[in-house]
>>> print(open('work-v5.tsv').read())   # TSV, C-alpha atoms
chain	number	residue	atom	x	y	z
A	1	MET	CA	79.15	68.25	65.95
A	2	THR	CA	77.98	71.81	65.32
A	3	SER	CA	74.69	73.56	65.82
A	4	SER	CA	73.54	77.05	64.94
A	5	ILE	CA	74.21	79.52	67.75
A	6	GLU	CA	71.20	79.48	70.04
A	7	SER	CA	69.57	82.86	70.38
A	8	PRO	CA	66.12	83.61	71.79
A	9	ARG	CA	65.38	86.10	69.00
A	10	PRO	CA	66.81	86.66	65.52
A	11	ASN	CA	70.01	88.65	65.83
A	12	GLY	CA	70.71	91.00	62.91
A	13	PHE	CA	74.44	91.61	63.20
A	14	GLU	CA	75.50	88.10	64.17
A	15	ALA	CA	73.43	86.53	61.39
A	16	TYR	CA	74.68	89.09	58.86
A	17	VAL	CA	78.43	88.64	59.47
A	18	GLY	CA	78.08	84.87	59.90
A	19	PRO	CA	77.13	82.14	59.84
A	20	VAL	CA	78.72	81.68	63.24
A	21	THR	CA	78.20	78.21	64.61
A	22	ARG	CA	78.68	76.70	68.03
A	23	VAL	CA	81.11	73.84	68.26
A	24	SER	CA	79.84	71.30	70.76
A	25	ASP	CA	82.51	69.81	72.98
A	26	MET	CA	82.56	67.00	75.49
A	27	ASP	CA	83.37	69.34	78.36
A	28	ASP	CA	80.66	71.96	77.87
A	29	THR	CA	82.96	74.78	76.74
A	30	PHE	CA	81.74	77.85	74.84
A	31	THR	CA	83.38	77.64	71.41
A	32	LEU	CA	82.23	79.37	68.23
A	33	SER	CA	83.51	79.09	64.69
A	34	PHE	CA	83.15	80.65	61.25
A	35	THR	CA	84.78	80.14	57.85
A	36	ILE	CA	86.47	83.12	56.21
A	37	GLU	CA	84.58	84.13	53.08
A	38	GLN	CA	85.15	86.86	50.50
A	39	GLN	CA	83.06	89.47	52.31
A	40	HIS	CA	85.23	89.08	55.45
A	41	LEU	CA	88.43	90.29	53.78
A	42	ASN	CA	90.40	93.54	53.79
A	43	GLY	CA	92.17	95.23	50.87
A	44	ALA	CA	95.16	92.91	51.24
A	45	ASP	CA	92.98	89.78	50.89
A	46	MET	CA	93.40	88.93	54.59
A	47	LEU	CA	90.75	88.62	57.30
A	48	HIS	CA	89.61	92.16	58.16
A	49	GLY	CA	90.47	93.24	61.70
A	50	GLY	CA	86.93	94.51	62.12
A	51	MET	CA	85.56	91.03	61.42
A	52	MET	CA	88.10	89.51	63.84
A	53	MET	CA	86.91	91.90	66.54
A	54	SER	CA	83.27	91.30	65.61
A	55	PHE	CA	83.71	87.55	65.97
A	56	ALA	CA	85.51	87.97	69.29
A	57	SER	CA	82.71	90.21	70.59
A	58	ILE	CA	80.12	87.58	69.58
A	59	VAL	CA	82.10	84.91	71.47
A	60	LEU	CA	82.62	87.10	74.54
A	61	ALA	CA	78.99	88.26	74.68
A	62	GLY	CA	77.63	84.75	74.18
A	63	ALA	CA	79.85	83.25	76.87
A	64	ALA	CA	79.17	86.12	79.26
A	65	ARG	CA	75.43	85.68	78.73
A	66	GLU	CA	75.67	82.00	79.58
A	67	ALA	CA	77.88	82.61	82.60
A	68	ALA	CA	75.61	85.36	83.92
A	69	GLY	CA	72.35	83.55	83.20
A	70	GLY	CA	70.86	86.72	81.73
A	71	THR	CA	71.36	89.57	79.27
A	72	VAL	CA	74.76	91.27	79.23
A	73	GLU	CA	76.13	94.51	77.79
A	74	ALA	CA	79.70	95.17	76.69
A	75	LEU	CA	81.56	97.68	78.86
A	76	SER	CA	85.09	97.24	77.51
A	77	VAL	CA	86.76	95.03	74.90
A	78	ASN	CA	90.46	94.87	74.13
A	79	CYS	CA	91.90	93.10	71.08
A	80	ASP	CA	95.57	92.41	70.36
A	81	PHE	CA	96.32	91.34	66.81
A	82	THR	CA	98.99	88.68	66.47
A	83	GLY	CA	98.57	87.07	63.06
A	84	PRO	CA	96.64	87.16	59.76
A	85	GLY	CA	93.80	84.98	58.53
A	86	LYS	CA	93.11	84.09	54.91
A	87	LEU	CA	90.17	83.10	52.71
A	88	GLY	CA	88.93	79.62	53.50
A	89	ASP	CA	90.45	79.41	56.98
A	90	VAL	CA	88.23	78.05	59.74
A	91	VAL	CA	88.38	80.56	62.62
A	92	THR	CA	87.59	79.39	66.15
A	93	ALA	CA	87.57	80.89	69.62
A	94	THR	CA	86.88	79.38	73.04
A	95	ALA	CA	85.86	81.74	75.83
A	96	GLU	CA	87.42	81.55	79.29
A	97	ILE	CA	85.64	83.15	82.22
A	98	THR	CA	88.23	84.96	84.32
A	99	ARG	CA	85.84	86.11	87.03
A	100	ARG	CA	82.10	86.47	87.44
A	101	THR	CA	80.49	88.73	90.03
A	102	ARG	CA	76.82	89.56	90.45
A	103	SER	CA	77.11	92.60	88.22
A	104	VAL	CA	80.16	92.00	85.98
A	105	VAL	CA	81.73	89.20	83.95
A	106	PHE	CA	85.45	89.29	83.11
A	107	LEU	CA	86.45	86.95	80.30
A	108	SER	CA	88.81	86.33	77.41
A	109	CYS	CA	89.19	84.34	74.21
A	110	ASP	CA	91.99	83.52	71.80
A	111	VAL	CA	90.96	83.67	68.15
A	112	GLU	CA	92.72	80.99	66.10
A	113	ALA	CA	92.67	80.03	62.45
A	114	CYS	CA	93.27	76.76	60.72
A	115	GLY	CA	93.70	76.23	56.98
A	116	ASN	CA	93.80	72.98	55.04
A	117	ASN	CA	96.58	70.66	56.23
A	118	GLU	CA	98.02	73.38	58.47
A	119	GLU	CA	98.65	73.92	62.14
A	120	ASP	CA	96.53	76.29	64.18
A	121	ARG	CA	97.60	79.93	64.02
A	122	MET	CA	96.90	82.51	66.67
A	123	LEU	CA	95.15	85.53	65.14
A	124	MET	CA	94.08	87.64	68.08
A	125	ALA	CA	93.83	87.74	71.86
A	126	ALA	CA	90.68	89.41	73.20
A	127	THR	CA	89.57	90.31	76.72
A	128	GLY	CA	86.22	91.74	77.73
A	129	VAL	CA	84.35	93.23	80.66
A	130	TYR	CA	80.59	92.77	80.42
A	131	LYS	CA	77.84	94.17	82.64
A	132	VAL	CA	75.06	91.86	83.75
A	133	ALA	CA	71.98	93.79	82.67
A	134	ALA	CA	69.09	91.56	83.68
A	135	ARG	CA	68.69	88.00	84.82
A	136	ASP	CA	66.46	85.63	82.80
B	1	MET	CA	95.82	92.18	60.37
B	2	THR	CA	94.10	95.22	59.04
B	3	GLU	CA	95.80	97.33	56.44
B	4	ALA	CA	94.95	101.00	56.60
B	5	ARG	CA	93.84	102.88	53.53
B	6	ASN	CA	94.59	106.43	52.70
B	7	SER	CA	91.10	107.74	53.17
B	8	LEU	CA	92.04	111.22	52.00
B	9	LYS	CA	93.57	110.49	48.66
B	10	GLY	CA	92.16	107.05	47.97
B	11	ASP	CA	94.00	103.94	46.93
B	12	SER	CA	93.86	103.85	43.17
B	13	GLU	CA	95.21	100.30	42.85
B	14	ARG	CA	91.92	98.60	43.69
B	15	PRO	CA	88.39	99.52	42.66
B	16	ALA	CA	85.92	100.94	45.14
B	17	LEU	CA	83.34	98.30	46.08
B	18	PRO	CA	79.58	98.87	46.30
B	19	SER	CA	77.71	98.47	49.58
B	20	PRO	CA	74.47	96.46	49.93
B	21	ARG	CA	72.62	99.60	51.06
B	22	PRO	CA	72.39	102.84	49.08
B	23	ASP	CA	74.30	106.03	49.93
B	24	GLN	CA	72.16	108.61	51.69
B	25	PRO	CA	72.48	112.39	51.46
B	26	LEU	CA	74.23	113.66	54.62
B	27	ASP	CA	74.85	117.35	55.18
B	28	GLY	CA	78.58	118.06	55.39
B	29	TYR	CA	79.55	114.50	54.46
B	30	ALA	CA	80.23	112.50	51.32
B	31	PRO	CA	80.20	108.71	50.87
B	32	MET	CA	83.65	107.11	51.23
B	33	GLU	CA	85.16	104.88	48.60
B	34	LEU	CA	85.52	101.54	50.37
B	35	ARG	CA	88.08	99.08	49.01
B	36	ASP	CA	88.08	96.51	51.79
B	37	PRO	CA	85.32	93.94	51.09
B	38	PHE	CA	84.29	93.81	54.75
B	39	GLU	CA	83.97	97.59	54.99
B	40	ALA	CA	81.85	97.72	51.84
B	41	PHE	CA	79.79	94.84	53.30
B	42	MET	CA	79.04	96.89	56.44
B	43	GLY	CA	78.83	100.29	54.73
B	44	PRO	CA	78.23	102.87	53.41
B	45	PHE	CA	80.56	105.07	55.47
B	46	TYR	CA	80.75	108.84	55.08
B	47	SER	CA	83.61	111.30	55.60
B	48	GLU	CA	83.34	115.01	56.31
B	49	THR	CA	83.75	117.28	53.31
B	50	ALA	CA	85.21	120.13	55.40
B	51	GLN	CA	88.93	120.71	55.09
B	52	ASN	CA	91.02	118.84	57.68
B	53	ASP	CA	94.66	117.93	58.28
B	54	GLY	CA	94.12	114.22	57.61
B	55	LEU	CA	94.87	113.35	61.23
B	56	LYS	CA	91.94	114.89	63.07
B	57	ARG	CA	88.81	113.97	61.15
B	58	LYS	CA	85.15	113.04	61.33
B	59	GLU	CA	83.48	110.08	59.69
B	60	ALA	CA	79.95	108.76	60.04
B	61	PHE	CA	77.60	105.89	59.38
B	62	ILE	CA	73.83	105.40	59.73
B	63	VAL	CA	72.79	102.44	61.89
B	64	ASP	CA	70.57	99.95	60.03
B	65	ASP	CA	69.15	96.46	60.61
B	66	ARG	CA	72.47	94.80	59.67
B	67	HIS	CA	74.25	96.54	62.56
B	68	VAL	CA	71.99	95.79	65.54
B	69	ASP	CA	71.66	92.94	68.05
B	70	ALA	CA	68.55	91.00	69.06
B	71	ASP	CA	67.41	93.95	71.21
B	72	GLY	CA	67.77	96.43	68.34
B	73	LYS	CA	70.92	98.01	69.82
B	74	LEU	CA	74.04	98.81	67.83
B	75	HIS	CA	76.36	95.81	68.12
B	76	PRO	CA	79.85	96.48	69.57
B	77	GLY	CA	81.33	94.53	66.66
B	78	MET	CA	80.00	97.13	64.22
B	79	LEU	CA	81.50	99.98	66.26
B	80	MET	CA	84.86	98.21	66.34
B	81	THR	CA	84.66	97.60	62.59
B	82	PHE	CA	83.90	101.27	61.93
B	83	ALA	CA	86.66	102.35	64.33
B	84	ASP	CA	89.19	100.09	62.66
B	85	ALA	CA	88.26	101.41	59.23
B	86	ILE	CA	88.44	105.11	60.03
B	87	VAL	CA	91.32	105.17	62.52
B	88	GLY	CA	93.41	103.33	59.97
B	89	GLY	CA	93.12	106.41	57.79
B	90	THR	CA	94.70	108.57	60.50
B	91	ALA	CA	97.50	106.06	61.04
B	92	TRP	CA	98.20	105.92	57.32
B	93	ASN	CA	98.16	109.71	56.95
B	94	SER	CA	100.50	110.15	59.93
B	95	SER	CA	103.07	107.69	58.60
B	96	GLY	CA	103.44	109.48	55.30
B	97	ARG	CA	101.10	107.01	53.58
B	98	ARG	CA	103.19	103.98	54.56
B	99	PRO	CA	100.95	100.99	55.19
B	100	CYS	CA	99.98	100.38	58.80
B	101	VAL	CA	98.49	97.35	60.52
B	102	THR	CA	96.47	97.26	63.73
B	103	LEU	CA	98.45	95.99	66.70
B	104	SER	CA	95.84	96.57	69.39
B	105	MET	CA	92.48	98.25	69.82
B	106	GLN	CA	90.51	98.89	72.98
B	107	THR	CA	86.89	100.10	73.00
B	108	SER	CA	84.70	101.25	75.92
B	109	TYR	CA	80.94	101.41	75.56
B	110	THR	CA	79.29	104.36	77.29
B	111	GLY	CA	75.95	104.60	75.48
B	112	ILE	CA	73.73	102.89	72.94
B	113	ALA	CA	72.50	103.56	69.42
B	114	ARG	CA	69.57	102.15	67.46
B	115	ALA	CA	68.59	101.72	63.81
B	116	GLY	CA	68.22	105.10	62.12
B	117	ASP	CA	70.74	106.84	64.41
B	118	LEU	CA	73.65	108.73	62.87
B	119	VAL	CA	76.94	107.73	64.52
B	120	ILE	CA	79.78	110.25	64.11
B	121	GLY	CA	83.38	109.19	64.82
B	122	HIS	CA	85.98	111.80	65.78
B	123	THR	CA	89.44	110.44	65.04
B	124	ARG	CA	92.77	111.90	66.16
B	125	LEU	CA	96.44	111.11	66.33
B	126	THR	CA	97.72	110.82	69.90
B	127	ARG	CA	101.39	110.22	69.19
B	128	LYS	CA	103.56	109.00	66.39
B	129	THR	CA	106.90	107.29	66.88
B	130	ARG	CA	109.00	105.83	64.09
B	131	ALA	CA	107.43	102.39	64.19
B	132	VAL	CA	104.22	102.78	66.18
B	133	VAL	CA	101.30	105.18	65.78
B	134	PHE	CA	98.94	105.83	68.70
B	135	CYS	CA	95.40	106.94	67.82
B	136	ALA	CA	92.12	107.65	69.55
B	137	ALA	CA	88.52	107.92	68.39
B	138	ASP	CA	85.28	108.97	70.10
B	139	PHE	CA	81.85	108.07	68.76
B	140	PHE	CA	78.73	110.19	69.24
B	141	VAL	CA	75.02	110.00	68.56
B	142	GLY	CA	74.06	113.66	68.70
B	143	ASP	CA	75.73	114.97	71.86
B	144	GLU	CA	75.88	111.61	73.57
B	145	LEU	CA	79.23	109.81	73.66
B	146	ILE	CA	78.46	106.14	72.98
B	147	CYS	CA	81.97	104.72	72.57
B	148	GLN	CA	85.62	105.59	73.15
B	149	SER	CA	88.48	103.79	71.51
B	150	THR	CA	92.28	103.83	71.59
B	151	SER	CA	94.52	101.88	69.25
B	152	LEU	CA	98.12	101.15	68.34
B	153	TRP	CA	99.26	100.71	64.76
B	154	LYS	CA	102.52	99.32	63.41
B	155	VAL	CA	104.14	101.15	60.50
B	156	LEU	CA	105.22	98.32	58.20
B	157	GLY	CA	108.95	98.23	57.52
B	158	GLU	CA	109.90	100.30	60.58
B	159	HIS	CA	111.29	99.04	63.89
>>> encode(input="work-v5.tsv", output="structure tokens")
Amino acid sequence: MTSSIESPRPNGFEAYVGPVTRVSDMDDTFTLSFTIEQQHLNGADMLHGGMMMSFASIVLAGAAREAAGGTVEALSVNCDFTGPGKLGDVVTATAEITRRTRSVVFLSCDVEACGNNEEDRMLMAATGVYKVAARD
Amino acid sequence: MTEARNSLKGDSERPALPSPRPDQPLDGYAPMELRDPFEAFMGPFYSETAQNDGLKRKEAFIVDDRHVDADGKLHPGMLMTFADAIVGGTAWNSSGRRPCVTLSMQTSYTGIARAGDLVIGHTRLTRKTRAVVFCAADFFVGDELICQSTSLWKVLGEH
């Protein structure tokens, strides 16, 4: 079951590079997904690293926001690229909160891709440090 | 993985792609030919017209409504996309135009930008070994540093 990512106001960048949808799970995890389309590709017809990092930052920010219960701002993001994605793949990432303090959220997500009749492939490992800007 | 382009000489195997927004006149800069669909999608990007060694360069983009979050601030994803696009050029130029792929990129966010701001990226080579290229890039709006990035690139075919 999927639903559009919930956002209090229209979000230019996330809407433009998407659609990015939330995958609802039984255990209340924060998982987002998108399907690789033509505009997401690089010159070698693979998923562009910038789009991989963009998707990871959307996952990290969204999960950090939920964990913090308020607006968050990225302080640092690190991305390690492990494998390529291709047109038509469904790309998914589930955020894991490493630690949450009153002012900072530490978290990570693994970006994975799945094509038709294939096993999941690991595309990228991302970690992030987000500042809690204001509570709702 | 991201394949770097030779941003100095241009890759003549594929056509340059148009961006959804028009090129704007920018003193000291010219629009780049973008051959990666995602870069054209997020562009236009501009490179400095002044002579440089291909390793230490400046590139720029103008923030518009496609690049900002719900609060009107430049989205980190756009900065990472721009960084990946322009630093790849340095990696490619340092490896003698052998294709490079991004292994790792780290970005720190020290300031914000909004729609209409001109973001200038200063790219440089930190170190080149036979198989791995280390690069860095700093991003400014005016005099304010808004983002720092470091990255590692793998030269394809080298170990």
>>> atom_distance(input="work-v5.tsv", atom1="atom CA of Thr81 of chain B", atom2="atom CA of Ser94 of chain B")
20.4 Å
>>> atom_distance(input="work-v5.tsv", atom1="atom CA of Glu66 of chain A", atom2="atom CA of Ala70 of chain B")
15.6 Å
>>> residues_around(input="work-v5.tsv", residues="Gly12 of chain A", least_positions_apart="3", cutoff="12 Å", atoms="only C-alpha atoms", output="PyMOL selection string")
(chain A and resi 7+9+15-19) or (chain B and resi 63-75+77-78+115)
>>> interface_residues(input="work-v5.tsv", of="chain A", to="chain B", cutoff="7 Å", atoms="only C-alpha atoms", output="number ranges by chain")
A: 9-13, 16, 39-44, 47-51, 53-54, 57, 74-81, 83-84
>>> atom_distance(input="work-v5.tsv", atom1="atom CA of Ala61 of chain A", atom2="atom CA of Cys109 of chain A")
10.9 Å
>>> closest_residue(input="work-v5.tsv", among="B:Pro31, B:Pro15, B:Gly96, B:Pro22", to="Gly54 of chain B", atoms="only C-alpha atoms")
B:Gly96
>>> residues_near_point(input="work-v5.tsv", point="(73.6, 83.8, 82.2)", cutoff="12 Å", atoms="all atoms listed in the file", output="list in words")
Ala61, Gly62, Ala63, Ala64, Arg65, Glu66, Ala67, Ala68, Gly69, Gly70, Thr71, Val72, Glu73, Arg100, Thr101, Arg102, Ser103, Val104, Val105, Tyr130, Lys131, Val132, Ala133, Ala134, Arg135 and Asp136 of chain A
>>> residues_around(input="work-v5.tsv", residues="His122 of chain B", least_positions_apart="2", cutoff="6 Å", atoms="all atoms listed in the file", output="PyMOL selection string")
chain B and resi 57-58+137-138
>>> residues_around(input="work-v5.tsv", residues="Leu156 of chain B", least_positions_apart="3", cutoff="10 Å", atoms="all atoms listed in the file", output="PDB file with C-alpha atoms, keeping the file's coordinate frame")
ATOM      1  CA  GLU B   3      95.800  97.330  56.440  1.00  0.00           C
ATOM      2  CA  SER B  95     103.070 107.690  58.600  1.00  0.00           C
ATOM      3  CA  ARG B  98     103.190 103.980  54.560  1.00  0.00           C
ATOM      4  CA  PRO B  99     100.950 100.990  55.190  1.00  0.00           C
ATOM      5  CA  CYS B 100      99.980 100.380  58.800  1.00  0.00           C
ATOM      6  CA  VAL B 101      98.490  97.350  60.520  1.00  0.00           C
ATOM      7  CA  ALA B 131     107.430 102.390  64.190  1.00  0.00           C
ATOM      8  CA  VAL B 132     104.220 102.780  66.180  1.00  0.00           C
ATOM      9  CA  TRP B 153      99.260 100.710  64.760  1.00  0.00           C
ATOM     10  CA  HIS B 159     111.290  99.040  63.890  1.00  0.00           C
TER      11      HIS B 159
END
>>> residues_around(input="work-v5.tsv", residues="Leu125 of chain B", least_positions_apart="4", cutoff="9 Å", atoms="all atoms listed in the file", output="MDAnalysis selection string")
chainID B and resid 55:56 87 90:91 94 133:137
>>> decode(input="work-v5.tsv", residues="segment 109-126 of chain A", atoms="N, CA and C atoms", output="JSON list (two decimals), in the first residue's frame")
[["chain", "number", "residue", "atom", "x", "y", "z"],
["A", 109, "CYS", "N", 20.48, 5.29, 5.73],
["A", 109, "CYS", "CA", 19.59, 4.49, 4.90],
["A", 109, "CYS", "C", 20.41, 3.79, 3.82],
["A", 110, "ASP", "N", 19.98, 2.60, 3.46],
["A", 110, "ASP", "CA", 20.57, 1.88, 2.33],
["A", 110, "ASP", "C", 19.63, 2.02, 1.14],
["A", 111, "VAL", "N", 20.15, 2.49, 0.03],
["A", 111, "VAL", "CA", 19.33, 2.65, -1.17],
["A", 111, "VAL", "C", 19.47, 1.39, -2.01],
["A", 112, "GLU", "N", 18.33, 0.74, -2.29],
["A", 112, "GLU", "CA", 18.35, -0.53, -3.02],
["A", 112, "GLU", "C", 17.48, -0.42, -4.27],
["A", 113, "ALA", "N", 17.81, -1.22, -5.25],
["A", 113, "ALA", "CA", 17.03, -1.23, -6.49],
["A", 113, "ALA", "C", 16.56, -2.64, -6.79],
["A", 114, "CYS", "N", 15.41, -2.71, -7.42],
["A", 114, "CYS", "CA", 14.89, -4.01, -7.83],
["A", 114, "CYS", "C", 14.30, -3.88, -9.23],
["A", 115, "GLY", "N", 14.75, -4.72, -10.16],
["A", 115, "GLY", "CA", 14.18, -4.74, -11.49],
["A", 115, "GLY", "C", 13.19, -5.88, -11.59],
["A", 116, "ASN", "N", 12.63, -6.07, -12.76],
["A", 116, "ASN", "CA", 11.67, -7.16, -12.98],
["A", 116, "ASN", "C", 12.33, -8.52, -12.80],
["A", 117, "ASN", "N", 11.71, -9.38, -11.99],
["A", 117, "ASN", "CA", 12.22, -10.74, -11.80],
["A", 117, "ASN", "C", 13.69, -10.78, -11.39],
["A", 118, "GLU", "N", 14.10, -9.81, -10.56],
["A", 118, "GLU", "CA", 15.49, -9.79, -10.12],
["A", 118, "GLU", "C", 15.55, -9.73, -8.60],
["A", 119, "GLU", "N", 16.73, -9.97, -8.07],
["A", 119, "GLU", "CA", 16.94, -9.78, -6.64],
["A", 119, "GLU", "C", 17.27, -8.32, -6.36],
["A", 120, "ASP", "N", 17.07, -7.93, -5.11],
["A", 120, "ASP", "CA", 17.44, -6.57, -4.71],
["A", 120, "ASP", "C", 18.93, -6.36, -4.89],
["A", 121, "ARG", "N", 19.29, -5.14, -5.35],
["A", 121, "ARG", "CA", 20.69, -4.75, -5.47],
["A", 121, "ARG", "C", 20.92, -3.54, -4.59],
["A", 122, "MET", "N", 22.07, -3.53, -3.95],
["A", 122, "MET", "CA", 22.43, -2.38, -3.12],
["A", 122, "MET", "C", 23.08, -1.33, -4.01],
["A", 123, "LEU", "N", 22.49, -0.11, -4.02],
["A", 123, "LEU", "CA", 23.04, 0.97, -4.84],
["A", 123, "LEU", "C", 23.94, 1.89, -4.05],
["A", 124, "MET", "N", 23.53, 2.23, -2.82],
["A", 124, "MET", "CA", 24.25, 3.27, -2.11],
["A", 124, "MET", "C", 23.96, 3.20, -0.61],
["A", 125, "ALA", "N", 24.98, 3.46, 0.19],
["A", 125, "ALA", "CA", 24.79, 3.58, 1.63],
["A", 125, "ALA", "C", 24.92, 5.05, 1.99],
["A", 126, "ALA", "N", 23.94, 5.59, 2.71],
["A", 126, "ALA", "CA", 23.97, 7.01, 3.07],
["A", 126, "ALA", "C", 23.84, 7.17, 4.57]]
